[in-house]
Every structure is written in C-alpha cells, then in structure tokens.
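> Provided herewith is a single structure, encoded as structure tokens, for subsequent inquiry.
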Amino acid sequence: MILNPARRINGLADSKLLAPERREVLARRIKERAVAWAVARASVEEIDRLNIFRASLLAMRRAIETLAVAPEEVWIDGQHCPEISCRARAIVDGDALHPVISAASILAKTARDAEMAALHLRYPQYGFDRHKGYSTPSISRRSPAWDPARSIGAASSRSGFASRRVCFERVQQRTRLRTRRDHRA
C-alpha cells in the first residue's frame, strides 16, 4: 500500500473498529486514490506446508512484490516482517496508529469478507456470513473436515479464516474425488 499524500482519505482507522459498510466505502476510495495497492494470499497447501505464521509472511511478501511502485520502506502491522528487498518496520497495533497500515488492513479485511460471502453462498450451513471465518465453537463443531489434532486445528482467532478455508477446500477436494469415483462406477 502506497498512499498519495495529495489525495487524502478521511476516516482511515483500524479495520476491526469500522462498520462493514464503512470499510467498503473506504476500500473503494483507497483503490481510487492510492499510488499502489495489492492484496495477496497463501494457498491451502502453503499454509499446510509452512504453517499459518510463515504463510502470512509469504502473502505479505507477495503483496509487496506485486505493488506497481516499489516502496522504499514497508510498515507492517504486528511484530514480524517478511523477508523483502527494502527496509521493513514491524509496528504493533500499526493499523490503529498509521493511516497507510489502516488502509492496507481495510483492503485485506474487505477482500476476506468478500471471500467469506462467496463461501457462505456455497456453504450456508456454516454461517460464514456471521463469523466471517474467525474461529468459533459453532463452526468447529459443524465443520465436517475439522481435525483438532492437526496443527491448523489449534488455530487462534487470527488464523481461524485460513484454517477454515483449508477445511472447506479439503471438503471440496473430497467431494470432487467421490464424484469422479461415482461417475466411473
């Protein structure tokens, strides 16, 4: 995320404190007014192979490398920075302190919310429209592929989305395999 100082965006704040409608309005403004922005992700296989923490750093690095303009320095919300070719600074609670981090957080949150809305359309019984993929007892009990013994099973609320996405992508894979086998019989 590289903001344009000449094109101010009023109302930037910690994405978790903003109403969903406000986040959507701000996301559109950010995309219109930023010098450069990117949202990236790690695949289910990468999360399984690397763990959620390292996969998050990988996704951050991908977003930074995808920017249309190379940054001189990157500010990261949190305690750790990905390995990148420019200076990086980790800032705890950065999304509440710095507009550029708030803007990046808003884009990430709205992208995630859009993915949760799409998952809800495919799997309405799991309530993605309500919990947005954060770990809850309700979703853990209902999730057919949920395996608490796996490393992703011990997911915290910050990594709940990724673990649920892993879970549902596995359900989809199993369903496709069963369907293929049924068609062969």
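If you're wondering about the labels, chains in the structure tokens are A, B, ... by order shown, residues count from 1 in each chain, ligands from 1 in order shown.
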Can you pull out the residues contacting Arg89 of chain A? Cut-off 9 Å, using only C-alpha atoms, and skip same-chain residues under 5 positions away; I want them as number ranges by chain.
A: 73-77, 79-81
> Please report the interatomic distance between atom CA of Arg61 of chain A and atom CA of Ile2 of chain A in Å with one decimal.
14.6 Å
> Show me, as an MDAnalysis selection string, the residues that have an atom within 10 Å of Leu26 of chain A when counting only C-alpha atoms, minus same-chain residues fewer than 3 positions from it.
chainID A and resid 9:13 15 18 20:23 29:32 103 106:107 110
> In Å, how far is it from atom CA of Ala90 of chain A to atom CA of Arg8 of chain A?
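Between atom CA of Ala90 of chain A and atom CA of Arg8 of chain A the gap works out to 23.6 Å.
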> To one decimal place, how far is atom CA of Gly94 of chain A from atom CA of Lys132 of chain A in Å?
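According to the coordinates, atom CA of Gly94 of chain A and atom CA of Lys132 of chain A are separated by 22.2 Å.
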> Restricting the calculation to only C-alpha atoms: of A:Asn51, A:His131, A:Leu57, A:Asn4, which residue gets closest to Val35 of chain A?
A:Asn4
> Enumerate as number ranges by chain all residues of segment 52-138 of chain A assigned to alpha helix (DSSP H) by DSSP on the backbone, naming them with the chain letters and numbers the document uses.
A: 52-66, 94-97, 99-122, 128-131, 137-138
